[in-house]
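Below is one structure, written out as structure tokens; comments come after it.
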Amino acid sequence: MDVEVQEKDAVKSASGDADRLRLWLEGERAVAGARDLLLETGADVELASRVSLGIDAAVFVSEDDVEGTVSQIGGHRVVRYDGALEIAGGELCLFDDMIVQTEGYATAPYVSISVPTAFAVVDELDLAALRADLAAARATGVLPAYLTTALATVVDQRRWLEPLLPDDDAPRRLLLCADGTLRDGPGGRVVSADGSIDPSHHVPPAEDAGEIARFLGAAKVVRALRARLGREVSVAGYDGKVGSVGAGRTDSVFVASDDASSYVVDIATSRIDRVPDAVATVVEQTLCARAGTGDGGDAGRAPEGSERVLEALALERFLPASADRAL
């Protein structure tokens, strides 16, 4: 293998590891059936070796602790990082120059996003800023630019999206703290050795949890489609049309469009379908009707043909009760 090929492979590997770290920060699995683990600096490597991670899991280890780690982790991919896991104002470096930065959400409008950036809601100030963005988006129909750039994401995004997703309390990634505590992420719940979470650690959702989830879900869809399609995309409800946000919706489906096509995206299954505009309209109207946010006398009633459309898109779980369907 020549030097140029080796360099390209190294860049590809570094980029893949940075994306994997992004998923870890979001609270998502990078590989089905596996849970990536990040060890804080000074964490007990021997303790980490006893944690069940699944096949193809990655283990992020501080450069200061990496010596001897490979032999103890037991076949998992070890990814070295430099820096500290500071949820607001931190930097983690992979392969010398691949940087992932973390910032508090309240600082988002002022952050230069030139590297992968994860915004975290860590205190009341951050939460107030998030709710202010939600209110502005509800009033204007526009998502903030710093949430839709491809380099951005939200720490613990999976947890914020839970009101839209099927119940699944199993940790999808793990953090081994320097004090020996195993958690399901930064500032997350304590995880036992068998991978379970104490039910007493469950925090009841806020009243606006569903709205926040739809807001962050829409931004997630825009980022994903822009990266996939390489062009501008908008999401129904956040497409610049004032008053178009469907309040009260807690489904996981988003209708998106660009200049050429319409798309139906289900973030619960990661399924993306390119569909005719008419089909996209039926999906959006049906799910708004399900939430009781239809227009005028049609509120709560699905449009004609909705049953066939949703079944074809594997969305039959969102069909209204038969008595409420338009005949």
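Residue numbering restarts at 1 in every chain; chains get A, B, ... in the order shown in the structure tokens, and ligands count up from 1 in that same order.
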Identify all residues of region 12-159 of chain A in helix (DSSP H, G or I) (DSSP on the backbone) and supply them as a PDB file with N, CA, C and O atoms, in the first residue's frame.
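Dumped everything to result_35.pdb:
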```pdb
ATOM      1  N   LYS A  12     -10.114   8.917   6.223  1.00  0.00           N
ATOM      2  CA  LYS A  12     -11.437   8.288   6.251  1.00  0.00           C
ATOM      3  C   LYS A  12     -11.732   7.714   7.626  1.00  0.00           C
ATOM      4  O   LYS A  12     -12.839   7.851   8.155  1.00  0.00           O
ATOM      5  N   SER A  13     -10.728   7.078   8.237  1.00  0.00           N
ATOM      6  CA  SER A  13     -10.907   6.498   9.568  1.00  0.00           C
ATOM      7  C   SER A  13     -11.171   7.587  10.598  1.00  0.00           C
ATOM      8  O   SER A  13     -12.055   7.456  11.451  1.00  0.00           O
ATOM      9  N   ALA A  14     -10.411   8.681  10.524  1.00  0.00           N
ATOM     10  CA  ALA A  14     -10.594   9.780  11.476  1.00  0.00           C
ATOM     11  C   ALA A  14     -11.978  10.391  11.331  1.00  0.00           C
ATOM     12  O   ALA A  14     -12.649  10.697  12.319  1.00  0.00           O
ATOM     13  N   SER A  15     -12.424  10.579  10.088  1.00  0.00           N
ATOM     14  CA  SER A  15     -13.749  11.145   9.850  1.00  0.00           C
ATOM     15  C   SER A  15     -14.832  10.225  10.395  1.00  0.00           C
ATOM     16  O   SER A  15     -15.805  10.676  11.008  1.00  0.00           O
ATOM     17  N   GLY A  16     -14.663   8.914  10.183  1.00  0.00           N
ATOM     18  CA  GLY A  16     -15.639   7.956  10.697  1.00  0.00           C
ATOM     19  C   GLY A  16     -15.683   7.942  12.207  1.00  0.00           C
ATOM     20  O   GLY A  16     -16.759   7.836  12.808  1.00  0.00           O
ATOM     21  N   ASP A  17     -14.527   8.071  12.845  1.00  0.00           N
ATOM     22  CA  ASP A  17     -14.487   8.096  14.304  1.00  0.00           C
ATOM     23  C   ASP A  17     -15.117   9.374  14.850  1.00  0.00           C
ATOM     24  O   ASP A  17     -15.775   9.358  15.891  1.00  0.00           O
ATOM     25  N   ALA A  18     -14.918  10.493  14.150  1.00  0.00           N
ATOM     26  CA  ALA A  18     -15.541  11.747  14.577  1.00  0.00           C
ATOM     27  C   ALA A  18     -17.059  11.644  14.475  1.00  0.00           C
ATOM     28  O   ALA A  18     -17.790  12.119  15.351  1.00  0.00           O
ATOM     29  N   ASP A  19     -17.544  11.000  13.413  1.00  0.00           N
ATOM     30  CA  ASP A  19     -18.985  10.818  13.263  1.00  0.00           C
ATOM     31  C   ASP A  19     -19.512   9.890  14.350  1.00  0.00           C
ATOM     32  O   ASP A  19     -20.605  10.096  14.888  1.00  0.00           O
ATOM     33  N   ARG A  20     -18.717   8.897  14.699  1.00  0.00           N
ATOM     34  CA  ARG A  20     -19.122   7.964  15.757  1.00  0.00           C
ATOM     35  C   ARG A  20     -19.177   8.676  17.108  1.00  0.00           C
ATOM     36  O   ARG A  20     -20.072   8.429  17.916  1.00  0.00           O
ATOM     37  N   LEU A  21     -18.231   9.572  17.339  1.00  0.00           N
ATOM     38  CA  LEU A  21     -18.252  10.357  18.573  1.00  0.00           C
ATOM     39  C   LEU A  21     -19.466  11.282  18.593  1.00  0.00           C
ATOM     40  O   LEU A  21     -20.091  11.487  19.645  1.00  0.00           O
ATOM     41  N   ARG A  22     -19.809  11.833  17.431  1.00  0.00           N
ATOM     42  CA  ARG A  22     -21.015  12.671  17.348  1.00  0.00           C
ATOM     43  C   ARG A  22     -22.249  11.866  17.747  1.00  0.00           C
ATOM     44  O   ARG A  22     -23.091  12.338  18.533  1.00  0.00           O
ATOM     45  N   LEU A  23     -22.373  10.646  17.226  1.00  0.00           N
ATOM     46  CA  LEU A  23     -23.508   9.793  17.583  1.00  0.00           C
ATOM     47  C   LEU A  23     -23.500   9.480  19.076  1.00  0.00           C
ATOM     48  O   LEU A  23     -24.557   9.433  19.719  1.00  0.00           O
ATOM     49  N   TRP A  24     -22.308   9.267  19.628  1.00  0.00           N
ATOM     50  CA  TRP A  24     -22.209   9.005  21.066  1.00  0.00           C
ATOM     51  C   TRP A  24     -22.727  10.210  21.854  1.00  0.00           C
ATOM     52  O   TRP A  24     -23.490  10.054  22.819  1.00  0.00           O
ATOM     53  N   LEU A  25     -22.334  11.401  21.443  1.00  0.00           N
ATOM     54  CA  LEU A  25     -22.804  12.605  22.130  1.00  0.00           C
ATOM     55  C   LEU A  25     -24.318  12.754  21.999  1.00  0.00           C
ATOM     56  O   LEU A  25     -24.994  13.192  22.935  1.00  0.00           O
ATOM     57  N   GLU A  26     -24.867  12.378  20.848  1.00  0.00           N
ATOM     58  CA  GLU A  26     -26.313  12.464  20.637  1.00  0.00           C
ATOM     59  C   GLU A  26     -27.080  11.431  21.453  1.00  0.00           C
ATOM     60  O   GLU A  26     -28.278  11.590  21.689  1.00  0.00           O
ATOM     61  N   VAL A  45      -9.602   1.101  33.568  1.00  0.00           N
ATOM     62  CA  VAL A  45      -9.689   0.307  32.346  1.00  0.00           C
ATOM     63  C   VAL A  45     -10.111  -1.125  32.656  1.00  0.00           C
ATOM     64  O   VAL A  45     -10.873  -1.744  31.907  1.00  0.00           O
ATOM     65  N   GLU A  46      -9.645  -1.654  33.780  1.00  0.00           N
ATOM     66  CA  GLU A  46     -10.012  -3.022  34.148  1.00  0.00           C
ATOM     67  C   GLU A  46     -11.513  -3.123  34.384  1.00  0.00           C
ATOM     68  O   GLU A  46     -12.160  -4.100  33.993  1.00  0.00           O
ATOM     69  N   LEU A  47     -12.091  -2.083  34.994  1.00  0.00           N
ATOM     70  CA  LEU A  47     -13.538  -2.051  35.197  1.00  0.00           C
ATOM     71  C   LEU A  47     -14.257  -1.976  33.855  1.00  0.00           C
ATOM     72  O   LEU A  47     -15.282  -2.634  33.644  1.00  0.00           O
ATOM     73  N   ALA A  48     -13.699  -1.200  32.938  1.00  0.00           N
ATOM     74  CA  ALA A  48     -14.303  -1.079  31.612  1.00  0.00           C
ATOM     75  C   ALA A  48     -14.334  -2.415  30.894  1.00  0.00           C
ATOM     76  O   ALA A  48     -15.261  -2.704  30.125  1.00  0.00           O
ATOM     77  N   THR A  69      -4.411  -0.288  27.248  1.00  0.00           N
ATOM     78  CA  THR A  69      -5.858  -0.418  27.134  1.00  0.00           C
ATOM     79  C   THR A  69      -6.254  -1.474  26.108  1.00  0.00           C
ATOM     80  O   THR A  69      -7.168  -2.267  26.330  1.00  0.00           O
ATOM     81  N   VAL A  70      -5.552  -1.488  24.976  1.00  0.00           N
ATOM     82  CA  VAL A  70      -5.928  -2.378  23.883  1.00  0.00           C
ATOM     83  C   VAL A  70      -5.985  -3.829  24.348  1.00  0.00           C
ATOM     84  O   VAL A  70      -6.901  -4.575  24.008  1.00  0.00           O
ATOM     85  N   SER A  71      -5.030  -4.232  25.164  1.00  0.00           N
ATOM     86  CA  SER A  71      -4.985  -5.624  25.608  1.00  0.00           C
ATOM     87  C   SER A  71      -6.079  -5.949  26.616  1.00  0.00           C
ATOM     88  O   SER A  71      -6.436  -7.110  26.804  1.00  0.00           O
ATOM     89  N   GLN A  72      -6.653  -4.919  27.267  1.00  0.00           N
ATOM     90  CA  GLN A  72      -7.653  -5.170  28.306  1.00  0.00           C
ATOM     91  C   GLN A  72      -9.091  -5.028  27.825  1.00  0.00           C
ATOM     92  O   GLN A  72     -10.005  -5.572  28.443  1.00  0.00           O
ATOM     93  N   ILE A  73      -9.301  -4.300  26.747  1.00  0.00           N
ATOM     94  CA  ILE A  73     -10.664  -4.024  26.297  1.00  0.00           C
ATOM     95  C   ILE A  73     -11.280  -5.222  25.580  1.00  0.00           C
ATOM     96  O   ILE A  73     -12.475  -5.320  25.439  1.00  0.00           O
ATOM     97  N   TYR A 105     -26.041  25.508  24.965  1.00  0.00           N
ATOM     98  CA  TYR A 105     -27.013  25.910  23.945  1.00  0.00           C
ATOM     99  C   TYR A 105     -27.208  27.425  23.909  1.00  0.00           C
ATOM    100  O   TYR A 105     -27.398  28.008  22.835  1.00  0.00           O
ATOM    101  N   ALA A 106     -27.146  28.073  25.052  1.00  0.00           N
ATOM    102  CA  ALA A 106     -27.373  29.518  25.090  1.00  0.00           C
ATOM    103  C   ALA A 106     -26.334  30.290  24.288  1.00  0.00           C
ATOM    104  O   ALA A 106     -26.582  31.420  23.854  1.00  0.00           O
ATOM    105  N   THR A 107     -25.163  29.690  24.068  1.00  0.00           N
ATOM    106  CA  THR A 107     -24.104  30.368  23.318  1.00  0.00           C
ATOM    107  C   THR A 107     -24.193  30.095  21.817  1.00  0.00           C
ATOM    108  O   THR A 107     -23.412  30.651  21.046  1.00  0.00           O
ATOM    109  N   ALA A 108     -25.130  29.254  21.396  1.00  0.00           N
ATOM    110  CA  ALA A 108     -25.190  28.808  20.004  1.00  0.00           C
ATOM    111  C   ALA A 108     -25.174  29.942  18.975  1.00  0.00           C
ATOM    112  O   ALA A 108     -24.469  29.845  17.962  1.00  0.00           O
ATOM    113  N   PRO A 109     -25.917  31.037  19.189  1.00  0.00           N
ATOM    114  CA  PRO A 109     -25.911  32.098  18.171  1.00  0.00           C
ATOM    115  C   PRO A 109     -24.551  32.772  17.994  1.00  0.00           C
ATOM    116  O   PRO A 109     -24.323  33.451  16.991  1.00  0.00           O
ATOM    117  N   TYR A 110     -23.657  32.577  18.952  1.00  0.00           N
ATOM    118  CA  TYR A 110     -22.380  33.291  18.932  1.00  0.00           C
ATOM    119  C   TYR A 110     -21.190  32.377  18.638  1.00  0.00           C
ATOM    120  O   TYR A 110     -20.053  32.834  18.610  1.00  0.00           O
ATOM    121  N   GLU A 124     -30.614  26.136  33.397  1.00  0.00           N
ATOM    122  CA  GLU A 124     -31.850  26.858  33.096  1.00  0.00           C
ATOM    123  C   GLU A 124     -31.654  27.900  32.003  1.00  0.00           C
ATOM    124  O   GLU A 124     -32.573  28.181  31.228  1.00  0.00           O
ATOM    125  N   LEU A 125     -30.462  28.480  31.927  1.00  0.00           N
ATOM    126  CA  LEU A 125     -30.189  29.468  30.884  1.00  0.00           C
ATOM    127  C   LEU A 125     -30.246  28.815  29.503  1.00  0.00           C
ATOM    128  O   LEU A 125     -30.838  29.368  28.564  1.00  0.00           O
ATOM    129  N   ASP A 126     -29.646  27.639  29.387  1.00  0.00           N
ATOM    130  CA  ASP A 126     -29.692  26.910  28.115  1.00  0.00           C
ATOM    131  C   ASP A 126     -31.119  26.507  27.771  1.00  0.00           C
ATOM    132  O   ASP A 126     -31.550  26.611  26.615  1.00  0.00           O
ATOM    133  N   LEU A 127     -31.856  26.032  28.771  1.00  0.00           N
ATOM    134  CA  LEU A 127     -33.233  25.602  28.527  1.00  0.00           C
ATOM    135  C   LEU A 127     -34.103  26.782  28.107  1.00  0.00           C
ATOM    136  O   LEU A 127     -34.951  26.660  27.210  1.00  0.00           O
ATOM    137  N   ALA A 128     -33.882  27.935  28.728  1.00  0.00           N
ATOM    138  CA  ALA A 128     -34.637  29.133  28.348  1.00  0.00           C
ATOM    139  C   ALA A 128     -34.320  29.533  26.909  1.00  0.00           C
ATOM    140  O   ALA A 128     -35.215  29.947  26.151  1.00  0.00           O
ATOM    141  N   ALA A 129     -33.054  29.405  26.508  1.00  0.00           N
ATOM    142  CA  ALA A 129     -32.667  29.735  25.133  1.00  0.00           C
ATOM    143  C   ALA A 129     -33.307  28.770  24.143  1.00  0.00           C
ATOM    144  O   ALA A 129     -33.760  29.176  23.061  1.00  0.00           O
ATOM    145  N   LEU A 130     -33.360  27.491  24.503  1.00  0.00           N
ATOM    146  CA  LEU A 130     -34.006  26.496  23.643  1.00  0.00           C
ATOM    147  C   LEU A 130     -35.485  26.812  23.479  1.00  0.00           C
ATOM    148  O   LEU A 130     -36.028  26.776  22.362  1.00  0.00           O
ATOM    149  N   ARG A 131     -36.143  27.153  24.570  1.00  0.00           N
ATOM    150  CA  ARG A 131     -37.575  27.471  24.499  1.00  0.00           C
ATOM    151  C   ARG A 131     -37.818  28.765  23.727  1.00  0.00           C
ATOM    152  O   ARG A 131     -38.833  28.902  23.035  1.00  0.00           O
ATOM    153  N   ALA A 132     -36.890  29.710  23.820  1.00  0.00           N
ATOM    154  CA  ALA A 132     -37.020  30.948  23.051  1.00  0.00           C
ATOM    155  C   ALA A 132     -36.905  30.654  21.556  1.00  0.00           C
ATOM    156  O   ALA A 132     -37.646  31.223  20.736  1.00  0.00           O
ATOM    157  N   ASP A 133     -35.992  29.760  21.184  1.00  0.00           N
ATOM    158  CA  ASP A 133     -35.862  29.371  19.777  1.00  0.00           C
ATOM    159  C   ASP A 133     -37.116  28.649  19.296  1.00  0.00           C
ATOM    160  O   ASP A 133     -37.567  28.835  18.160  1.00  0.00           O
ATOM    161  N   LEU A 134     -37.681  27.816  20.161  1.00  0.00           N
ATOM    162  CA  LEU A 134     -38.919  27.118  19.818  1.00  0.00           C
ATOM    163  C   LEU A 134     -40.045  28.120  19.580  1.00  0.00           C
ATOM    164  O   LEU A 134     -40.790  28.017  18.596  1.00  0.00           O
ATOM    165  N   ALA A 135     -40.158  29.111  20.461  1.00  0.00           N
ATOM    166  CA  ALA A 135     -41.204  30.124  20.312  1.00  0.00           C
ATOM    167  C   ALA A 135     -41.007  30.932  19.032  1.00  0.00           C
ATOM    168  O   ALA A 135     -41.969  31.231  18.314  1.00  0.00           O
ATOM    169  N   ALA A 136     -39.753  31.273  18.730  1.00  0.00           N
ATOM    170  CA  ALA A 136     -39.469  32.032  17.514  1.00  0.00           C
ATOM    171  C   ALA A 136     -39.795  31.212  16.272  1.00  0.00           C
ATOM    172  O   ALA A 136     -40.358  31.728  15.299  1.00  0.00           O
ATOM    173  N   ALA A 137     -39.458  29.929  16.305  1.00  0.00           N
ATOM    174  CA  ALA A 137     -39.752  29.059  15.163  1.00  0.00           C
ATOM    175  C   ALA A 137     -41.253  28.882  14.994  1.00  0.00           C
ATOM    176  O   ALA A 137     -41.763  28.819  13.867  1.00  0.00           O
ATOM    177  N   ARG A 138     -41.979  28.815  16.116  1.00  0.00           N
ATOM    178  CA  ARG A 138     -43.433  28.695  16.050  1.00  0.00           C
ATOM    179  C   ARG A 138     -44.046  29.947  15.423  1.00  0.00           C
ATOM    180  O   ARG A 138     -45.018  29.871  14.664  1.00  0.00           O
ATOM    181  N   ALA A 139     -43.454  31.105  15.729  1.00  0.00           N
ATOM    182  CA  ALA A 139     -43.993  32.370  15.230  1.00  0.00           C
ATOM    183  C   ALA A 139     -43.611  32.645  13.780  1.00  0.00           C
ATOM    184  O   ALA A 139     -44.379  33.245  13.025  1.00  0.00           O
ATOM    185  N   THR A 140     -42.413  32.207  13.381  1.00  0.00           N
ATOM    186  CA  THR A 140     -41.903  32.552  12.047  1.00  0.00           C
ATOM    187  C   THR A 140     -41.881  31.383  11.072  1.00  0.00           C
ATOM    188  O   THR A 140     -41.782  31.585   9.860  1.00  0.00           O
ATOM    189  N   ALA A 145     -30.401  28.840  12.137  1.00  0.00           N
ATOM    190  CA  ALA A 145     -29.375  28.326  11.222  1.00  0.00           C
ATOM    191  C   ALA A 145     -28.360  27.442  11.928  1.00  0.00           C
ATOM    192  O   ALA A 145     -27.859  26.469  11.354  1.00  0.00           O
ATOM    193  N   TYR A 146     -28.044  27.752  13.193  1.00  0.00           N
ATOM    194  CA  TYR A 146     -27.014  26.973  13.879  1.00  0.00           C
ATOM    195  C   TYR A 146     -27.476  25.563  14.230  1.00  0.00           C
ATOM    196  O   TYR A 146     -26.662  24.713  14.571  1.00  0.00           O
ATOM    197  N   LEU A 147     -28.771  25.283  14.127  1.00  0.00           N
ATOM    198  CA  LEU A 147     -29.246  23.919  14.356  1.00  0.00           C
ATOM    199  C   LEU A 147     -29.363  23.117  13.069  1.00  0.00           C
ATOM    200  O   LEU A 147     -29.552  21.900  13.114  1.00  0.00           O
ATOM    201  N   THR A 148     -29.277  23.784  11.930  1.00  0.00           N
ATOM    202  CA  THR A 148     -29.474  23.078  10.667  1.00  0.00           C
ATOM    203  C   THR A 148     -28.193  22.926   9.855  1.00  0.00           C
ATOM    204  O   THR A 148     -28.213  22.297   8.802  1.00  0.00           O
ATOM    205  N   GLN A 157     -29.405  14.269  22.250  1.00  0.00           N
ATOM    206  CA  GLN A 157     -30.532  14.498  21.347  1.00  0.00           C
ATOM    207  C   GLN A 157     -31.559  13.376  21.445  1.00  0.00           C
ATOM    208  O   GLN A 157     -32.774  13.617  21.413  1.00  0.00           O
ATOM    209  N   ARG A 158     -31.086  12.139  21.566  1.00  0.00           N
ATOM    210  CA  ARG A 158     -31.996  10.999  21.659  1.00  0.00           C
ATOM    211  C   ARG A 158     -32.971  11.175  22.821  1.00  0.00           C
ATOM    212  O   ARG A 158     -34.165  10.882  22.692  1.00  0.00           O
ATOM    213  N   ARG A 159     -32.474  11.638  23.951  1.00  0.00           N
ATOM    214  CA  ARG A 159     -33.348  11.806  25.114  1.00  0.00           C
ATOM    215  C   ARG A 159     -34.365  12.918  24.881  1.00  0.00           C
ATOM    216  O   ARG A 159     -35.525  12.810  25.287  1.00  0.00           O
TER     217      ARG A 159
END
```
Could you list, as a compact mmCIF listing (two decimals) with C-alpha atoms, in the first residue's frame, every residue within 12 Å of Arg249 (chain A), counting only C-alpha atoms and ignoring same-chain residues fewer than 6 positions away?
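Heads up, here's the output in around_26.txt:
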```txt
# COMPACT_ATOMS: atom_id res chain seq x y z
CA PRO A 163 -41.66 11.86 23.32
CA LEU A 164 -41.71 10.96 19.60
CA ASP A 208 -43.64 21.21 26.37
CA ALA A 209 -41.48 18.10 25.87
CA GLY A 210 -43.43 17.10 22.76
CA GLU A 211 -43.03 20.51 21.14
CA ILE A 212 -39.31 20.60 21.93
CA ALA A 213 -38.95 17.11 20.47
CA ARG A 214 -40.70 18.09 17.22
CA PHE A 215 -38.54 21.23 17.00
CA GLY A 217 -36.51 16.49 15.30
CA GLY A 237 -44.08 23.26 9.81
CA GLU A 284 -48.89 15.82 6.66
CA GLN A 285 -52.65 16.42 6.74
CA THR A 286 -53.33 12.99 8.23
CA LEU A 287 -50.84 13.42 11.06
CA CYS A 288 -52.03 16.95 11.79
CA ALA A 289 -55.60 15.62 11.89
CA ARG A 290 -54.49 12.89 14.28
CA ALA A 291 -53.22 15.62 16.62
CA GLY A 292 -56.39 17.66 16.15
CA THR A 293 -54.59 20.47 14.34
CA GLY A 294 -56.38 20.35 10.99
CA GLY A 300 -59.38 15.62 13.56
CA PHE A 318 -50.44 6.53 13.01
```
Take CA of Asp239 (chain A) and CA of Val282 (chain A) and report the distance between them in Å, one decimal.
->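 Interatomic distance, CA of Asp239 (chain A) to CA of Val282 (chain A): 17.1 Å.
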Excluding region 91-95 of chain A and any residue of its chain fewer than 3 positions from it, enumerate the residues within 9 Å of it, using only C-alpha atoms, and give them as a short mmCIF file (atom, residue, chain, number, x, y, z; two decimals) with N, CA and C atoms, in the first residue's frame.
```
data_model
loop_
_atom_site.label_atom_id
_atom_site.label_comp_id
_atom_site.auth_asym_id
_atom_site.auth_seq_id
_atom_site.Cartn_x
_atom_site.Cartn_y
_atom_site.Cartn_z
N ALA A 10 -6.36 6.90 6.46
CA ALA A 10 -6.28 7.50 7.79
C ALA A 10 -7.30 8.63 7.94
N VAL A 11 -7.44 9.44 6.88
CA VAL A 11 -8.42 10.53 6.91
C VAL A 11 -9.83 9.97 7.00
N ALA A 14 -10.41 8.68 10.52
CA ALA A 14 -10.59 9.78 11.48
C ALA A 14 -11.98 10.39 11.33
N ASP A 17 -14.53 8.07 12.84
CA ASP A 17 -14.49 8.10 14.30
C ASP A 17 -15.12 9.37 14.85
N ALA A 18 -14.92 10.49 14.15
CA ALA A 18 -15.54 11.75 14.58
C ALA A 18 -17.06 11.64 14.48
N VAL A 79 -10.40 3.95 20.25
CA VAL A 79 -10.21 5.24 19.59
C VAL A 79 -9.61 6.20 20.60
N ARG A 80 -8.45 6.71 20.30
CA ARG A 80 -7.78 7.64 21.21
C ARG A 80 -8.35 9.04 21.07
N TYR A 81 -8.49 9.71 22.18
CA TYR A 81 -8.88 11.12 22.13
C TYR A 81 -7.99 11.92 23.06
N ASP A 82 -7.90 13.20 22.77
CA ASP A 82 -7.15 14.12 23.62
C ASP A 82 -8.11 15.22 24.04
N GLY A 83 -8.00 15.66 25.27
CA GLY A 83 -8.91 16.68 25.78
C GLY A 83 -9.75 16.12 26.91
N ALA A 84 -10.76 16.89 27.31
CA ALA A 84 -11.62 16.48 28.41
C ALA A 84 -13.07 16.60 27.99
N LEU A 85 -13.90 15.71 28.52
CA LEU A 85 -15.32 15.73 28.19
C LEU A 85 -16.03 16.80 29.01
N GLU A 86 -15.89 18.03 28.56
CA GLU A 86 -16.61 19.15 29.18
C GLU A 86 -17.85 19.40 28.33
N ILE A 87 -19.02 19.24 28.92
CA ILE A 87 -20.24 19.31 28.12
C ILE A 87 -20.51 20.71 27.59
N MET A 98 -8.56 16.23 14.31
CA MET A 98 -10.00 16.09 14.12
C MET A 98 -10.68 16.47 15.43
N ILE A 99 -11.34 17.64 15.44
CA ILE A 99 -11.86 18.21 16.69
C ILE A 99 -13.39 18.13 16.73
N VAL A 100 -13.91 17.76 17.87
CA VAL A 100 -15.34 17.85 18.16
C VAL A 100 -15.48 18.78 19.35
N GLN A 101 -16.21 19.88 19.19
CA GLN A 101 -16.35 20.83 20.30
C GLN A 101 -17.76 20.77 20.88
N THR A 102 -17.86 21.05 22.17
CA THR A 102 -19.15 21.09 22.85
C THR A 102 -19.36 22.48 23.42
#
```
Considering only C-alpha atoms, state which residue in the set A:Pro166, A:Gly185, A:Gly248, A:Pro276 is at the smallest distance from Tyr263 (chain A).
->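 Ranked by minimum distance to Tyr263 (chain A), first place goes to A:Pro276.
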